[in-house]
$ cat my_file_30.txt   # compact mmCIF, N, CA and C atoms
# COMPACT_ATOMS: atom_id res chain seq x y z
N MET A 1 -8.72 -7.25 3.33
CA MET A 1 -8.28 -6.30 4.34
C MET A 1 -9.22 -6.37 5.54
N ASN A 2 -8.63 -6.40 6.74
CA ASN A 2 -9.52 -6.57 7.89
C ASN A 2 -10.36 -5.30 8.12
N PHE A 3 -11.46 -5.48 8.84
CA PHE A 3 -12.44 -4.40 8.98
C PHE A 3 -11.87 -3.22 9.76
N GLU A 4 -11.00 -3.53 10.73
CA GLU A 4 -10.41 -2.46 11.54
C GLU A 4 -9.61 -1.50 10.64
N ASN A 5 -8.79 -2.08 9.76
CA ASN A 5 -7.98 -1.23 8.87
C ASN A 5 -8.84 -0.51 7.85
N GLN A 6 -9.90 -1.17 7.38
CA GLN A 6 -10.83 -0.48 6.48
C GLN A 6 -11.41 0.76 7.17
N GLY A 7 -11.76 0.61 8.43
CA GLY A 7 -12.32 1.73 9.19
C GLY A 7 -11.33 2.87 9.32
N VAL A 8 -10.08 2.53 9.58
CA VAL A 8 -9.03 3.56 9.71
C VAL A 8 -8.87 4.30 8.38
N ILE A 9 -8.84 3.54 7.28
CA ILE A 9 -8.65 4.17 5.96
C ILE A 9 -9.82 5.08 5.62
N LYS A 10 -11.03 4.64 5.98
CA LYS A 10 -12.22 5.48 5.73
C LYS A 10 -12.10 6.79 6.51
N ARG A 11 -11.66 6.70 7.76
CA ARG A 11 -11.52 7.89 8.60
C ARG A 11 -10.44 8.83 8.03
N LEU A 12 -9.32 8.24 7.59
CA LEU A 12 -8.24 9.06 7.02
C LEU A 12 -8.69 9.74 5.73
N ALA A 13 -9.50 9.02 4.93
CA ALA A 13 -10.02 9.60 3.69
C ALA A 13 -10.96 10.77 4.00
N ASP A 14 -11.75 10.64 5.07
CA ASP A 14 -12.62 11.75 5.48
C ASP A 14 -11.79 12.94 5.95
N GLN A 15 -10.71 12.63 6.67
CA GLN A 15 -9.88 13.67 7.28
C GLN A 15 -9.04 14.42 6.24
N TYR A 16 -8.38 13.69 5.35
CA TYR A 16 -7.42 14.31 4.43
C TYR A 16 -7.95 14.44 3.00
N GLY A 17 -9.02 13.71 2.68
CA GLY A 17 -9.49 13.66 1.29
C GLY A 17 -8.80 12.51 0.58
N PRO A 18 -9.56 11.60 -0.02
CA PRO A 18 -8.94 10.43 -0.65
C PRO A 18 -7.97 10.80 -1.77
N GLU A 19 -8.18 11.98 -2.40
CA GLU A 19 -7.29 12.40 -3.49
C GLU A 19 -5.88 12.74 -2.99
N ASN A 20 -5.74 12.90 -1.67
CA ASN A 20 -4.43 13.25 -1.10
C ASN A 20 -3.71 12.04 -0.50
N LEU A 21 -4.29 10.85 -0.69
CA LEU A 21 -3.73 9.64 -0.07
C LEU A 21 -3.19 8.67 -1.12
N THR A 22 -2.22 7.88 -0.71
CA THR A 22 -1.72 6.76 -1.51
C THR A 22 -1.51 5.58 -0.56
N VAL A 23 -1.93 4.39 -0.98
CA VAL A 23 -1.69 3.18 -0.18
C VAL A 23 -0.45 2.48 -0.72
N VAL A 24 0.45 2.10 0.19
CA VAL A 24 1.64 1.34 -0.21
C VAL A 24 1.63 0.01 0.53
N LEU A 25 1.64 -1.07 -0.22
CA LEU A 25 1.56 -2.42 0.34
C LEU A 25 2.95 -3.04 0.49
N GLY A 26 3.00 -4.08 1.32
CA GLY A 26 4.26 -4.81 1.48
C GLY A 26 4.05 -6.31 1.35
N ASN A 27 3.01 -6.70 0.65
CA ASN A 27 2.67 -8.13 0.55
C ASN A 27 3.84 -8.98 0.04
N GLY A 28 3.94 -10.19 0.57
CA GLY A 28 4.98 -11.10 0.15
C GLY A 28 4.58 -11.92 -1.06
N GLU A 29 3.28 -12.05 -1.30
CA GLU A 29 2.80 -12.83 -2.45
C GLU A 29 1.68 -12.06 -3.15
N ALA A 30 1.49 -12.42 -4.41
CA ALA A 30 0.50 -11.71 -5.22
C ALA A 30 -0.93 -11.98 -4.75
N ASN A 31 -1.14 -13.13 -4.10
CA ASN A 31 -2.48 -13.45 -3.61
C ASN A 31 -2.98 -12.35 -2.69
N GLY A 32 -4.14 -11.83 -2.98
CA GLY A 32 -4.72 -10.83 -2.09
C GLY A 32 -4.45 -9.39 -2.50
N VAL A 33 -3.44 -9.19 -3.34
CA VAL A 33 -3.11 -7.82 -3.72
C VAL A 33 -4.26 -7.15 -4.49
N GLU A 34 -4.88 -7.93 -5.38
CA GLU A 34 -5.99 -7.35 -6.15
C GLU A 34 -7.16 -6.99 -5.25
N VAL A 35 -7.40 -7.83 -4.23
CA VAL A 35 -8.51 -7.55 -3.31
C VAL A 35 -8.20 -6.28 -2.50
N PHE A 36 -6.95 -6.12 -2.07
CA PHE A 36 -6.54 -4.90 -1.38
C PHE A 36 -6.84 -3.69 -2.26
N ALA A 37 -6.38 -3.78 -3.51
CA ALA A 37 -6.53 -2.65 -4.42
C ALA A 37 -8.00 -2.35 -4.67
N GLU A 38 -8.79 -3.40 -4.86
CA GLU A 38 -10.21 -3.20 -5.12
C GLU A 38 -10.89 -2.54 -3.92
N THR A 39 -10.47 -2.95 -2.72
CA THR A 39 -11.11 -2.43 -1.50
C THR A 39 -10.94 -0.92 -1.38
N VAL A 40 -9.75 -0.39 -1.71
CA VAL A 40 -9.55 1.06 -1.53
C VAL A 40 -9.81 1.87 -2.79
N THR A 41 -10.16 1.17 -3.90
CA THR A 41 -10.54 1.93 -5.10
C THR A 41 -12.04 1.86 -5.33
N GLU A 42 -12.58 0.62 -5.36
CA GLU A 42 -13.99 0.46 -5.68
C GLU A 42 -14.87 0.18 -4.46
N GLY A 43 -14.26 -0.24 -3.36
CA GLY A 43 -15.03 -0.59 -2.16
C GLY A 43 -14.82 -2.06 -1.80
N ASP A 44 -15.19 -2.41 -0.57
CA ASP A 44 -14.98 -3.77 -0.08
C ASP A 44 -15.77 -4.78 -0.92
N PRO A 45 -15.05 -5.68 -1.65
CA PRO A 45 -15.77 -6.64 -2.51
C PRO A 45 -16.63 -7.63 -1.73
N SER A 46 -16.35 -7.79 -0.42
CA SER A 46 -17.18 -8.72 0.37
C SER A 46 -18.46 -8.02 0.86
N TYR A 47 -18.55 -6.73 0.67
CA TYR A 47 -19.70 -5.93 1.11
C TYR A 47 -20.00 -6.07 2.60
N ALA A 48 -18.96 -6.36 3.38
CA ALA A 48 -19.18 -6.57 4.81
C ALA A 48 -18.47 -5.53 5.66
N GLY A 49 -17.40 -4.92 5.15
CA GLY A 49 -16.60 -4.01 5.96
C GLY A 49 -17.03 -2.56 5.81
N PRO A 50 -16.35 -1.66 6.56
CA PRO A 50 -16.69 -0.23 6.51
C PRO A 50 -16.55 0.38 5.12
N LEU A 51 -15.77 -0.21 4.24
CA LEU A 51 -15.60 0.35 2.89
C LEU A 51 -16.56 -0.26 1.86
N ALA A 52 -17.53 -1.06 2.33
CA ALA A 52 -18.54 -1.62 1.41
C ALA A 52 -19.28 -0.47 0.72
N GLY A 53 -19.26 -0.48 -0.60
CA GLY A 53 -19.98 0.55 -1.36
C GLY A 53 -19.32 1.92 -1.35
N VAL A 54 -18.09 2.01 -0.82
CA VAL A 54 -17.37 3.28 -0.74
C VAL A 54 -16.21 3.25 -1.73
N ALA A 55 -16.34 3.98 -2.84
CA ALA A 55 -15.28 3.97 -3.88
C ALA A 55 -14.33 5.13 -3.63
N LEU A 56 -13.26 4.89 -2.88
CA LEU A 56 -12.33 5.97 -2.51
C LEU A 56 -11.37 6.32 -3.65
N LYS A 57 -11.15 5.38 -4.55
CA LYS A 57 -10.26 5.60 -5.70
C LYS A 57 -8.86 6.06 -5.27
N ILE A 58 -8.34 5.44 -4.22
CA ILE A 58 -6.98 5.73 -3.76
C ILE A 58 -6.00 4.85 -4.54
N PRO A 59 -4.97 5.45 -5.17
CA PRO A 59 -4.01 4.61 -5.89
C PRO A 59 -3.22 3.70 -4.95
N VAL A 60 -2.93 2.48 -5.41
CA VAL A 60 -2.23 1.50 -4.58
C VAL A 60 -0.94 1.07 -5.28
N TYR A 61 0.15 1.10 -4.52
CA TYR A 61 1.45 0.65 -5.01
C TYR A 61 1.99 -0.42 -4.07
N HIS A 62 2.96 -1.20 -4.56
CA HIS A 62 3.75 -2.07 -3.68
C HIS A 62 5.08 -1.37 -3.46
N VAL A 63 5.61 -1.49 -2.24
CA VAL A 63 6.84 -0.76 -1.90
C VAL A 63 8.01 -1.17 -2.81
N LEU A 64 7.96 -2.38 -3.38
CA LEU A 64 9.07 -2.84 -4.22
C LEU A 64 8.88 -2.50 -5.70
N GLU A 65 7.74 -1.87 -6.06
CA GLU A 65 7.58 -1.44 -7.45
C GLU A 65 8.61 -0.33 -7.75
N GLU A 66 9.09 -0.31 -8.97
CA GLU A 66 10.14 0.64 -9.35
C GLU A 66 9.71 2.08 -9.08
N GLU A 67 8.41 2.38 -9.29
CA GLU A 67 7.91 3.74 -9.09
C GLU A 67 8.11 4.22 -7.66
N VAL A 68 8.13 3.26 -6.71
CA VAL A 68 8.29 3.60 -5.30
C VAL A 68 9.75 3.49 -4.90
N VAL A 69 10.34 2.35 -5.21
CA VAL A 69 11.67 2.03 -4.70
C VAL A 69 12.72 3.04 -5.22
N CYS A 70 12.50 3.59 -6.39
CA CYS A 70 13.47 4.53 -6.95
C CYS A 70 13.50 5.84 -6.16
N GLN A 71 12.46 6.09 -5.36
CA GLN A 71 12.42 7.34 -4.58
C GLN A 71 13.04 7.17 -3.19
N VAL A 72 13.29 5.92 -2.78
CA VAL A 72 13.85 5.65 -1.45
C VAL A 72 15.36 5.88 -1.50
N PRO A 73 15.91 6.64 -0.53
CA PRO A 73 17.36 6.86 -0.53
C PRO A 73 18.13 5.54 -0.58
N GLU A 74 19.24 5.55 -1.32
CA GLU A 74 19.97 4.32 -1.62
C GLU A 74 20.36 3.54 -0.36
N LYS A 75 20.80 4.26 0.68
CA LYS A 75 21.25 3.58 1.89
C LYS A 75 20.09 2.81 2.55
N LEU A 76 18.93 3.47 2.63
CA LEU A 76 17.74 2.83 3.21
C LEU A 76 17.31 1.65 2.36
N ARG A 77 17.36 1.84 1.04
CA ARG A 77 16.97 0.79 0.10
C ARG A 77 17.83 -0.46 0.33
N GLU A 78 19.14 -0.24 0.46
CA GLU A 78 20.03 -1.38 0.66
C GLU A 78 19.81 -2.05 2.00
N GLU A 79 19.59 -1.24 3.04
CA GLU A 79 19.43 -1.79 4.39
C GLU A 79 18.10 -2.50 4.59
N LYS A 80 17.03 -1.90 4.06
CA LYS A 80 15.68 -2.34 4.43
C LYS A 80 14.95 -3.14 3.35
N LEU A 81 15.30 -2.93 2.08
CA LEU A 81 14.48 -3.53 1.02
C LEU A 81 15.22 -4.54 0.16
N GLN A 82 16.55 -4.52 0.24
CA GLN A 82 17.30 -5.36 -0.69
C GLN A 82 16.99 -6.85 -0.51
N LEU A 83 16.95 -7.30 0.73
CA LEU A 83 16.69 -8.72 0.98
C LEU A 83 15.29 -9.11 0.50
N SER A 84 14.31 -8.28 0.84
CA SER A 84 12.93 -8.56 0.40
C SER A 84 12.85 -8.62 -1.11
N SER A 85 13.59 -7.75 -1.78
CA SER A 85 13.49 -7.71 -3.24
C SER A 85 14.07 -8.97 -3.88
N LEU A 86 14.90 -9.70 -3.13
CA LEU A 86 15.45 -10.95 -3.66
C LEU A 86 14.45 -12.11 -3.56
N VAL A 87 13.57 -12.05 -2.55
CA VAL A 87 12.67 -13.19 -2.33
C VAL A 87 11.23 -12.94 -2.78
N ILE A 88 10.87 -11.66 -2.96
CA ILE A 88 9.49 -11.35 -3.37
C ILE A 88 9.45 -11.16 -4.89
N ASP A 89 8.54 -11.89 -5.54
CA ASP A 89 8.37 -11.75 -7.00
C ASP A 89 7.41 -10.60 -7.24
N ILE A 90 7.97 -9.44 -7.59
CA ILE A 90 7.16 -8.22 -7.67
C ILE A 90 6.36 -8.14 -8.97
N GLU A 91 6.80 -8.83 -10.03
CA GLU A 91 6.19 -8.62 -11.36
C GLU A 91 4.67 -8.87 -11.39
N PRO A 92 4.17 -10.01 -10.84
CA PRO A 92 2.71 -10.20 -10.88
C PRO A 92 1.96 -9.15 -10.08
N MET A 93 2.55 -8.68 -8.99
CA MET A 93 1.89 -7.64 -8.19
C MET A 93 1.93 -6.31 -8.93
N HIS A 94 3.05 -6.03 -9.59
CA HIS A 94 3.16 -4.79 -10.38
C HIS A 94 2.10 -4.77 -11.47
N GLN A 95 1.93 -5.91 -12.15
CA GLN A 95 0.94 -5.96 -13.23
C GLN A 95 -0.47 -5.73 -12.70
N ALA A 96 -0.79 -6.38 -11.57
CA ALA A 96 -2.14 -6.24 -11.00
C ALA A 96 -2.39 -4.81 -10.51
N LEU A 97 -1.39 -4.22 -9.87
CA LEU A 97 -1.58 -2.87 -9.31
C LEU A 97 -1.56 -1.80 -10.40
N GLU A 98 -0.73 -2.02 -11.42
CA GLU A 98 -0.71 -1.06 -12.52
C GLU A 98 -2.07 -1.06 -13.23
N ALA A 99 -2.63 -2.25 -13.42
CA ALA A 99 -3.96 -2.34 -14.05
C ALA A 99 -4.99 -1.62 -13.19
N SER A 100 -4.88 -1.79 -11.88
CA SER A 100 -5.81 -1.13 -10.96
C SER A 100 -5.68 0.39 -11.04
N ARG A 101 -4.44 0.88 -11.12
CA ARG A 101 -4.21 2.34 -11.17
C ARG A 101 -4.69 2.93 -12.49
N GLU A 102 -4.56 2.16 -13.56
CA GLU A 102 -4.98 2.67 -14.87
C GLU A 102 -6.49 2.89 -14.93
N LYS A 103 -7.22 2.17 -14.07
CA LYS A 103 -8.69 2.30 -14.06
C LYS A 103 -9.15 3.56 -13.33
N LEU A 104 -8.25 4.20 -12.58
CA LEU A 104 -8.65 5.36 -11.75
C LEU A 104 -8.91 6.58 -12.61
N MET B 1 4.94 7.32 -8.66
CA MET B 1 4.10 7.68 -7.51
C MET B 1 4.22 9.18 -7.27
N VAL B 2 3.08 9.82 -7.05
CA VAL B 2 3.06 11.28 -6.99
C VAL B 2 3.61 11.78 -5.64
N LYS B 3 4.57 12.68 -5.71
CA LYS B 3 5.14 13.28 -4.50
C LYS B 3 4.08 14.13 -3.78
N GLY B 4 4.20 14.18 -2.46
CA GLY B 4 3.31 15.05 -1.69
C GLY B 4 2.08 14.35 -1.15
N LYS B 5 1.80 13.13 -1.61
CA LYS B 5 0.64 12.40 -1.08
C LYS B 5 0.96 11.89 0.32
N LYS B 6 -0.09 11.75 1.11
CA LYS B 6 0.07 11.15 2.43
C LYS B 6 -0.04 9.63 2.26
N ILE B 7 0.79 8.92 3.01
CA ILE B 7 0.95 7.48 2.77
C ILE B 7 0.25 6.64 3.83
N ILE B 8 -0.50 5.65 3.37
CA ILE B 8 -1.04 4.60 4.24
C ILE B 8 -0.22 3.35 3.93
N ALA B 9 0.59 2.91 4.89
CA ALA B 9 1.49 1.77 4.67
C ALA B 9 0.87 0.51 5.27
N ILE B 10 0.55 -0.45 4.40
CA ILE B 10 -0.04 -1.70 4.88
C ILE B 10 0.94 -2.83 4.58
N GLY B 11 1.75 -3.16 5.57
CA GLY B 11 2.76 -4.19 5.40
C GLY B 11 2.21 -5.57 5.68
N GLU B 12 3.09 -6.54 5.49
CA GLU B 12 2.69 -7.94 5.75
C GLU B 12 3.83 -8.63 6.48
N ARG B 13 3.46 -9.45 7.44
CA ARG B 13 4.47 -10.13 8.26
C ARG B 13 5.42 -10.96 7.39
N ASP B 14 4.88 -11.62 6.38
CA ASP B 14 5.71 -12.46 5.52
C ASP B 14 6.22 -11.74 4.27
N GLY B 15 6.09 -10.42 4.27
CA GLY B 15 6.60 -9.63 3.15
C GLY B 15 7.44 -8.50 3.71
N VAL B 16 7.03 -7.29 3.44
CA VAL B 16 7.69 -6.11 4.01
C VAL B 16 6.77 -5.55 5.10
N PRO B 17 7.24 -5.51 6.36
CA PRO B 17 6.37 -5.03 7.45
C PRO B 17 6.07 -3.52 7.35
N GLY B 18 4.96 -3.11 7.95
CA GLY B 18 4.53 -1.72 7.91
C GLY B 18 5.60 -0.72 8.35
N PRO B 19 6.29 -0.95 9.49
CA PRO B 19 7.30 0.03 9.92
C PRO B 19 8.43 0.21 8.92
N VAL B 20 8.78 -0.85 8.18
CA VAL B 20 9.85 -0.74 7.18
C VAL B 20 9.37 0.13 6.01
N ILE B 21 8.13 -0.11 5.56
CA ILE B 21 7.57 0.72 4.48
C ILE B 21 7.57 2.18 4.93
N ALA B 22 7.10 2.40 6.17
CA ALA B 22 7.01 3.77 6.68
C ALA B 22 8.39 4.43 6.72
N GLU B 23 9.38 3.71 7.22
CA GLU B 23 10.73 4.29 7.33
C GLU B 23 11.28 4.65 5.95
N CYS B 24 11.08 3.75 4.98
CA CYS B 24 11.59 4.00 3.63
C CYS B 24 10.92 5.21 2.99
N LEU B 25 9.60 5.32 3.18
CA LEU B 25 8.88 6.42 2.52
C LEU B 25 9.10 7.74 3.24
N GLU B 26 9.26 7.69 4.56
CA GLU B 26 9.61 8.93 5.27
C GLU B 26 10.99 9.40 4.81
N GLY B 27 11.89 8.45 4.58
CA GLY B 27 13.22 8.79 4.07
C GLY B 27 13.14 9.40 2.68
N ALA B 28 12.07 9.06 1.94
CA ALA B 28 11.88 9.60 0.59
C ALA B 28 11.13 10.94 0.63
N GLY B 29 10.77 11.39 1.86
CA GLY B 29 10.14 12.70 1.99
C GLY B 29 8.63 12.68 2.09
N TYR B 30 8.04 11.50 2.22
CA TYR B 30 6.58 11.40 2.32
C TYR B 30 6.14 11.46 3.78
N GLU B 31 4.89 11.90 3.99
CA GLU B 31 4.29 11.85 5.32
C GLU B 31 3.46 10.57 5.43
N VAL B 32 3.82 9.72 6.39
CA VAL B 32 3.08 8.47 6.59
C VAL B 32 2.03 8.72 7.68
N VAL B 33 0.74 8.60 7.33
CA VAL B 33 -0.32 8.92 8.29
C VAL B 33 -0.84 7.67 9.00
N PHE B 34 -0.49 6.49 8.50
CA PHE B 34 -0.93 5.25 9.15
C PHE B 34 -0.05 4.11 8.66
N GLN B 35 0.41 3.29 9.60
CA GLN B 35 1.14 2.09 9.18
C GLN B 35 0.69 0.91 10.02
N VAL B 36 0.59 -0.24 9.38
CA VAL B 36 0.14 -1.44 10.07
C VAL B 36 0.78 -2.65 9.39
N THR B 37 0.89 -3.74 10.12
CA THR B 37 1.38 -4.98 9.52
C THR B 37 0.29 -6.02 9.62
N GLU B 38 -0.25 -6.44 8.47
CA GLU B 38 -1.29 -7.47 8.49
C GLU B 38 -0.64 -8.84 8.48
N CYS B 39 -1.38 -9.81 8.96
CA CYS B 39 -0.85 -11.17 9.08
C CYS B 39 -1.88 -12.12 8.49
N PHE B 40 -1.47 -12.86 7.46
CA PHE B 40 -2.40 -13.80 6.83
C PHE B 40 -2.00 -15.21 7.22
N VAL B 41 -2.67 -15.79 8.17
CA VAL B 41 -2.36 -17.17 8.59
C VAL B 41 -3.63 -17.99 8.47
$ encode --input "my_file_30.txt" --output "structure tokens"
Amino acid sequence: MNFENQGVIKRLADQYGPENLTVVLGNGEANGVEVFAETVTEGDPSYAGPLAGVALKIPVYHVLEEEVVCQVPEKLREEKLQLSSLVIDIEPMHQALEASREKL
Amino acid sequence: MVKGKKIIAIGERDGVPGPVIAECLEGAGYEVVFQVTECFV
């Protein structure tokens, strides 16, 4: 995650409290999803960004995970997510993010 | 996913972009406090 976005997330966590936030990703591939999740739960693994050493423990989901997609109104789901759900392999990302959430 | 949480939507250019995530979750009744589309090239 780039440093600018890390900084924004840190500011939002200060403003609202990390316990009131949830991160929802839209990644097209599983590569990088674990690093995203680690950054907002345990802190920046590169120890270079604003979230270095900051364990916010914010739960992370992918927008195509069943837990999220089932809450989106059907019309929006069909218009905005149906095509993506055909080309994005959600299972490896679901497994990685579920494991990350279970550690919280 | 727990209802009532504020959402940080981090989309991807080659996946689902931030504004699409935001629109879907606002439609589901969530408050989106930040949305962005990252690009991995």
$ closest_residue --input "my_file_30.txt" --among "B:Tyr30, B:Leu25, B:Pro19, B:Gln35" --to "Lys3 of chain B" --atoms "only C-alpha atoms"
B:Tyr30
$ interface_residues --input "my_file_30.txt" --of "chain A" --to "chain B" --cutoff "5 Å" --atoms "only N, CA and C atoms" --output "number ranges by chain"
A: 20-28, 67, 71-72
$ write_last_selection --input "my_file_30.txt" --atoms "N, CA and C atoms" --output "CSV table (one decimal), in the frame of the given file"
chain,number,residue,atom,x,y,z
A,20,ASN,N,-5.7,12.9,-1.7
A,20,ASN,CA,-4.4,13.2,-1.1
A,20,ASN,C,-3.7,12.0,-0.5
A,21,LEU,N,-4.3,10.8,-0.7
A,21,LEU,CA,-3.7,9.6,-0.1
A,21,LEU,C,-3.2,8.7,-1.1
A,22,THR,N,-2.2,7.9,-0.7
A,22,THR,CA,-1.7,6.8,-1.5
A,22,THR,C,-1.5,5.6,-0.6
A,23,VAL,N,-1.9,4.4,-1.0
A,23,VAL,CA,-1.7,3.2,-0.2
A,23,VAL,C,-0.4,2.5,-0.7
A,24,VAL,N,0.4,2.1,0.2
A,24,VAL,CA,1.6,1.3,-0.2
A,24,VAL,C,1.6,0.0,0.5
A,25,LEU,N,1.6,-1.1,-0.2
A,25,LEU,CA,1.6,-2.4,0.3
A,25,LEU,C,3.0,-3.0,0.5
A,26,GLY,N,3.0,-4.1,1.3
A,26,GLY,CA,4.3,-4.8,1.5
A,26,GLY,C,4.0,-6.3,1.4
A,27,ASN,N,3.0,-6.7,0.6
A,27,ASN,CA,2.7,-8.1,0.6
A,27,ASN,C,3.8,-9.0,0.0
A,28,GLY,N,3.9,-10.2,0.6
A,28,GLY,CA,5.0,-11.1,0.2
A,28,GLY,C,4.6,-11.9,-1.1
A,67,GLU,N,8.4,2.4,-9.3
A,67,GLU,CA,7.9,3.7,-9.1
A,67,GLU,C,8.1,4.2,-7.7
A,71,GLN,N,12.5,6.1,-5.4
A,71,GLN,CA,12.4,7.3,-4.6
A,71,GLN,C,13.0,7.2,-3.2
A,72,VAL,N,13.3,5.9,-2.8
A,72,VAL,CA,13.8,5.6,-1.4
A,72,VAL,C,15.4,5.9,-1.5
$ atom_distance --input "my_file_30.txt" --atom1 "atom CA of Pro45 of chain A" --atom2 "atom CA of Glu66 of chain A"
27.8 Å
$ select_by_dssp --input "my_file_30.txt" --residues "chain B" --states "strand (DSSP E)" --output "list in words"
Lys6, Ile7, Ile8, Ala9, Ile10, Gly11, Glu12, Glu31, Val32, Val33, Phe34, Gln35, Val36, Thr37 and Glu38 of chain B
$ closest_residue --input "my_file_30.txt" --among "A:Leu51, A:Met1, A:Val8, A:Leu83" --to "Val33 of chain A" --atoms "only C-alpha atoms"
A:Met1
$ atom_distance --input "my_file_30.txt" --atom1 "atom CA of Arg101 of chain A" --atom2 "atom CA of Val60 of chain A"
6.9 Å
$ select_by_dssp --input "my_file_30.txt" --residues "chain A" --states "alpha helix (DSSP H)" --output "ChimeraX atom specification"
/A:3-16,33-41,66-69,74-76,82-87,90-102
$ atom_distance --input "my_file_30.txt" --atom1 "atom CA of Met93 of chain A" --atom2 "atom N of Lys80 of chain A"
20.3 Å
$ closest_residue --input "my_file_30.txt" --among "A:Ala13, A:Leu81, A:Leu97, A:Ala30" --to "His62 of chain A" --atoms "all atoms listed in the file"
A:Leu97
$ residues_around --input "my_file_30.txt" --residues "Glu38 of chain A" --least-positions-apart "6" --cutoff "9 Å" --atoms "only C-alpha atoms" --output "PyMOL selection string"
chain A and resi 44-45+55+57+100
$ closest_residue --input "my_file_30.txt" --among "A:Val87, A:Val63, A:Cys70, A:Leu104" --to "Thr41 of chain A" --atoms "all atoms listed in the file"
A:Leu104
$ decode --input "my_file_30.txt" --residues "chain B" --atoms "C-alpha atoms" --output "compact mmCIF listing (two decimals), in the first residue's frame"
# COMPACT_ATOMS: atom_id res chain seq x y z
CA MET B 1 -19.18 -7.97 7.60
CA VAL B 2 -20.49 -5.96 10.53
CA LYS B 3 -23.15 -3.36 9.72
CA GLY B 4 -22.56 0.21 10.85
CA LYS B 5 -18.79 0.29 10.27
CA LYS B 6 -17.31 3.12 8.27
CA ILE B 7 -15.76 1.90 5.04
CA ILE B 8 -12.33 2.55 3.55
CA ALA B 9 -12.59 1.39 -0.08
CA ILE B 10 -9.27 0.59 -1.74
CA GLY B 11 -9.95 -0.41 -5.31
CA GLU B 12 -7.61 -1.47 -8.07
CA ARG B 13 -7.50 -0.36 -11.67
CA ASP B 14 -7.29 -3.95 -12.90
CA GLY B 15 -9.88 -5.22 -10.44
CA VAL B 16 -12.81 -3.34 -8.95
CA PRO B 17 -12.15 0.44 -8.84
CA GLY B 18 -12.65 2.45 -5.63
CA PRO B 19 -15.75 4.38 -6.82
CA VAL B 20 -17.52 1.11 -7.71
CA ILE B 21 -16.81 -0.36 -4.25
CA ALA B 22 -18.03 2.89 -2.69
CA GLU B 23 -21.24 2.95 -4.73
CA CYS B 24 -22.04 -0.69 -3.91
CA LEU B 25 -21.43 -0.27 -0.18
CA GLU B 26 -23.32 3.02 0.04
CA GLY B 27 -26.19 1.17 -1.65
CA ALA B 28 -25.89 -1.42 1.13
CA GLY B 29 -26.26 1.34 3.74
CA TYR B 30 -22.64 1.85 4.74
CA GLU B 31 -20.86 5.19 5.14
CA VAL B 32 -17.75 5.32 2.93
CA VAL B 33 -15.20 7.69 4.51
CA PHE B 34 -12.43 7.23 1.91
CA GLN B 35 -12.16 5.67 -1.51
CA VAL B 36 -9.17 5.36 -3.79
CA THR B 37 -8.06 3.30 -6.78
CA GLU B 38 -4.52 1.97 -6.57
CA CYS B 39 -2.59 1.04 -9.67
CA PHE B 40 0.06 -1.68 -9.71
CA VAL B 41 2.19 -1.35 -12.83
